[in-house]
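Asks: Let me begin by handing over the structure; questions about it come next.
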Amino acid sequence: MKLVLLTANAIAESVSAYGDRLAPPHRSTWGYAVYRWMGDYWQMLVDLTTEGEEVSDLTLHAKLHDTEPPTLEIESVHVA
């Protein structure tokens with residue numbers, strides 16, 4: 001549980017330091033996304049949308065697990 005809180009705090013600090021608020025993903029974001037099947041999950045890198053940028057330099061690093069229901073494990077968010 002401590003690791004989850006540390007990761008969540010690090011992500012919040014990265015987004016705050018970026019200086020622009022997150023917004024819902026713009027459809028153009030998916031044109032820049034990188035993903036790869038790793039056997040039982042998808043490894044994903046997705047550029048995030050902010051209020052000022054359709055595709056920002058903030059990148060979400062996550063795993064989408066092939067489970068029922070599917071689960072998303074957010075590893076980090078940082079400036080690419």
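In the structure tokens, chains take the letters A, B, ... in the order shown, each chain's residues start at 1, and ligands count up from 1 in the order shown.
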Applying 8 Å and only C-alpha atoms, which residues near Ile74 of chain A remain after dropping the ones on its own chain fewer than 3 positions away? List them as a ChimeraX atom specification.

Replies: /A:60-63

Asks: Can you write out the residues you just picked, keeping N, CA, C and O atoms, as a compact mmCIF listing (two decimals), in the first residue's frame?

Replies:
# COMPACT_ATOMS: atom_id res chain seq x y z
N LEU A 60 1.92 9.01 -19.86
CA LEU A 60 1.44 7.97 -18.95
C LEU A 60 2.10 6.66 -19.32
O LEU A 60 2.06 6.24 -20.48
N HIS A 61 2.73 6.01 -18.34
CA HIS A 61 3.31 4.69 -18.52
C HIS A 61 2.44 3.73 -17.72
O HIS A 61 2.27 3.91 -16.51
N ALA A 62 1.86 2.72 -18.40
CA ALA A 62 0.91 1.84 -17.72
C ALA A 62 0.90 0.45 -18.33
O ALA A 62 1.41 0.23 -19.43
N LYS A 63 0.33 -0.48 -17.56
CA LYS A 63 0.09 -1.84 -18.04
C LYS A 63 -1.41 -2.09 -18.00
O LYS A 63 -2.07 -1.79 -17.00

Asks: Enumerate as a list in words all residues of segment 32-74 of chain A assigned to strand (DSSP E or B) by DSSP on the backbone, naming them with the chain letters and numbers the document uses.

Replies: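 Selecting the strand (DSSP E or B) positions of segment 32-74 of chain A gives Val34, Tyr35, Arg36, Trp37, Tyr41, Trp42, Gln43, Met44, Leu45, Val46, Asp47, Thr50, Leu58, Thr59, Leu60, His61, Ala62, Lys63, Leu64, His65, Thr71, Leu72, Glu73 and Ile74 of chain A.
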
Asks: Report as a list of chain:residue names all protein, DNA and RNA residues lying within 8 Å of Val77 of chain A, evaluated on only C-alpha atoms, omitting residues in the same chain fewer than 5 positions from it.

Replies: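 Counting only C-alpha atoms, the residues come to A:Ile11, A:Ser14, A:Val15, A:Leu58, A:Thr59, A:Leu60, A:His61.
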
Asks: Print the selection's residues with C-alpha atoms to a file, as a tab-separated table (two decimals), in the first residue's frame.

Replies:
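Result file follows (result.tsv):
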chain	number	residue	atom	x	y	z
A	11	ILE	CA	2.45	11.30	-10.28
A	14	SER	CA	4.83	15.52	-11.83
A	15	VAL	CA	1.49	16.78	-13.11
A	58	LEU	CA	3.30	14.42	-20.10
A	59	THR	CA	3.39	10.69	-20.73
A	60	LEU	CA	1.44	7.97	-18.95
A	61	HIS	CA	3.31	4.69	-18.52

Asks: Between atom CA of Tyr18 of chain A and atom CA of Glu73 of chain A, what is the spacing in Å?

Replies: 22.0 Å

Asks: Report the residues of segment 9-73 of chain A whose backbone DSSP state falls under alpha helix (DSSP H), written as JSON, numbers by chain.

Replies: {"A": [9, 10, 11, 12, 13, 14, 15, 16, 17, 18]}

Asks: Output N, CA, C and O atoms for every residue in that selection, as a JSON list (two decimals), in the first residue's frame.

Replies:
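The resulting file, result06.json, is shown below:
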[["chain", "number", "residue", "atom", "x", "y", "z"],
["A", 9, "ASN", "N", 1.61, 9.89, -5.24],
["A", 9, "ASN", "CA", 2.14, 11.20, -4.88],
["A", 9, "ASN", "C", 3.15, 11.69, -5.91],
["A", 9, "ASN", "O", 3.16, 12.87, -6.26],
["A", 10, "ALA", "N", 4.00, 10.81, -6.40],
["A", 10, "ALA", "CA", 4.98, 11.18, -7.43],
["A", 10, "ALA", "C", 4.28, 11.63, -8.71],
["A", 10, "ALA", "O", 4.70, 12.60, -9.35],
["A", 11, "ILE", "N", 3.22, 10.93, -9.08],
["A", 11, "ILE", "CA", 2.45, 11.30, -10.28],
["A", 11, "ILE", "C", 1.80, 12.67, -10.08],
["A", 11, "ILE", "O", 1.87, 13.53, -10.96],
["A", 12, "ALA", "N", 1.19, 12.89, -8.92],
["A", 12, "ALA", "CA", 0.55, 14.18, -8.64],
["A", 12, "ALA", "C", 1.58, 15.31, -8.69],
["A", 12, "ALA", "O", 1.30, 16.39, -9.23],
["A", 13, "GLU", "N", 2.77, 15.08, -8.17],
["A", 13, "GLU", "CA", 3.82, 16.10, -8.19],
["A", 13, "GLU", "C", 4.29, 16.37, -9.62],
["A", 13, "GLU", "O", 4.53, 17.53, -9.98],
["A", 14, "SER", "N", 4.42, 15.33, -10.43],
["A", 14, "SER", "CA", 4.83, 15.52, -11.83],
["A", 14, "SER", "C", 3.82, 16.35, -12.59],
["A", 14, "SER", "O", 4.18, 17.26, -13.35],
["A", 15, "VAL", "N", 2.54, 16.04, -12.41],
["A", 15, "VAL", "CA", 1.49, 16.78, -13.11],
["A", 15, "VAL", "C", 1.46, 18.22, -12.61],
["A", 15, "VAL", "O", 1.38, 19.17, -13.41],
["A", 16, "SER", "N", 1.56, 18.42, -11.31],
["A", 16, "SER", "CA", 1.55, 19.76, -10.74],
["A", 16, "SER", "C", 2.74, 20.59, -11.24],
["A", 16, "SER", "O", 2.59, 21.76, -11.61],
["A", 17, "ALA", "N", 3.91, 19.98, -11.29],
["A", 17, "ALA", "CA", 5.12, 20.68, -11.75],
["A", 17, "ALA", "C", 5.03, 21.05, -13.23],
["A", 17, "ALA", "O", 5.66, 22.02, -13.66],
["A", 18, "TYR", "N", 4.26, 20.29, -13.99],
["A", 18, "TYR", "CA", 4.11, 20.58, -15.41],
["A", 18, "TYR", "C", 3.46, 21.94, -15.63],
["A", 18, "TYR", "O", 3.74, 22.63, -16.60]]

Asks: For Leu45 of chain A, which residue out of A:Trp30, A:Ala8, A:Pro25, A:Pro69 is the nearest one, using only C-alpha atoms?

Replies: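 Between A:Trp30, A:Ala8, A:Pro25, A:Pro69, the residue approaching Leu45 of chain A most closely is A:Trp30.
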
Asks: What's the 9 Å shell around Ala33 of chain A, counting only C-alpha atoms, without same-chain residues fewer than 5 positions away, as a PyMOL selection string?

Replies: chain A and resi 44-47

Asks: Could you write out the selected residues, including N, CA, C and O atoms, as an mmCIF file, in the first residue's frame?

Replies:
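Wrote again_20.cif, looks like this:
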data_model
loop_
_atom_site.group_PDB
_atom_site.id
_atom_site.type_symbol
_atom_site.label_atom_id
_atom_site.label_comp_id
_atom_site.auth_asym_id
_atom_site.auth_seq_id
_atom_site.Cartn_x
_atom_site.Cartn_y
_atom_site.Cartn_z
ATOM 1 N N MET A 44 1.922 0.208 -22.173
ATOM 2 C CA MET A 44 1.451 1.378 -22.905
ATOM 3 C C MET A 44 2.207 2.641 -22.502
ATOM 4 O O MET A 44 2.531 2.826 -21.328
ATOM 5 N N LEU A 45 2.463 3.484 -23.482
ATOM 6 C CA LEU A 45 2.967 4.840 -23.266
ATOM 7 C C LEU A 45 1.996 5.758 -24.001
ATOM 8 O O LEU A 45 1.833 5.658 -25.217
ATOM 9 N N VAL A 46 1.337 6.633 -23.269
ATOM 10 C CA VAL A 46 0.304 7.486 -23.857
ATOM 11 C C VAL A 46 0.569 8.941 -23.462
ATOM 12 O O VAL A 46 0.674 9.255 -22.268
ATOM 13 N N ASP A 47 0.695 9.811 -24.464
ATOM 14 C CA ASP A 47 0.821 11.238 -24.185
ATOM 15 C C ASP A 47 -0.516 11.751 -23.680
ATOM 16 O O ASP A 47 -1.572 11.438 -24.244
#

Asks: What's around Leu64 of chain A at 9 Å? Count only C-alpha atoms, leave out sequence neighbours fewer than 3 positions away in its own chain, and write the answer as an MDAnalysis selection string.

Replies: chainID A and resid 40:44 67 70:74

Asks: Find the distance between atom CA of Arg21 of chain A and atom CA of Thr7 of chain A and write it in Å to one decimal.

Replies: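 We find that atom CA of Arg21 of chain A and atom CA of Thr7 of chain A lie 18.7 Å from each other.
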
Asks: Of the candidates A:Glu75, A:Asp57, A:Glu68, A:Leu48, which one gets nearest to Arg27 of chain A if we count only C-alpha atoms?

Replies: A:Leu48

Asks: If we count only C-alpha atoms and set the cut-off at 12 Å, which residues sit around Gly52 of chain A, ignoring sequence neighbours fewer than 6 positions away in its own chain? Please answer as a tab-separated table (two decimals) with N, CA, C and O atoms, in the first residue's frame.

Replies:
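Result file is result32.tsv:
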chain	number	residue	atom	x	y	z
A	18	TYR	N	4.26	20.29	-13.99
A	18	TYR	CA	4.11	20.58	-15.41
A	18	TYR	C	3.46	21.94	-15.63
A	18	TYR	O	3.74	22.63	-16.60
A	19	GLY	N	2.56	22.31	-14.73
A	19	GLY	CA	1.98	23.64	-14.77
A	19	GLY	C	0.70	23.80	-15.57
A	19	GLY	O	0.25	24.92	-15.78
A	20	ASP	N	0.12	22.72	-16.03
A	20	ASP	CA	-1.15	22.78	-16.77
A	20	ASP	C	-2.02	21.64	-16.29
A	20	ASP	O	-1.53	20.54	-16.02
A	21	ARG	N	-3.31	21.89	-16.18
A	21	ARG	CA	-4.23	20.86	-15.68
A	21	ARG	C	-4.51	19.80	-16.73
A	21	ARG	O	-4.61	20.10	-17.92
A	22	LEU	N	-4.68	18.55	-16.27
A	22	LEU	CA	-5.04	17.47	-17.17
A	22	LEU	C	-6.46	17.67	-17.69
A	22	LEU	O	-7.31	18.24	-17.00
A	23	ALA	N	-6.70	17.17	-18.89
A	23	ALA	CA	-8.02	17.23	-19.52
A	23	ALA	C	-8.32	15.84	-20.09
A	23	ALA	O	-7.42	15.00	-20.19
A	24	PRO	N	-9.57	15.59	-20.47
A	24	PRO	CA	-9.88	14.30	-21.10
A	24	PRO	C	-9.01	14.10	-22.35
A	24	PRO	O	-8.70	15.06	-23.06
A	26	HIS	N	-7.61	13.79	-25.85
A	26	HIS	CA	-8.03	14.21	-27.18
A	26	HIS	C	-7.81	13.03	-28.13
A	26	HIS	O	-6.87	12.24	-27.94
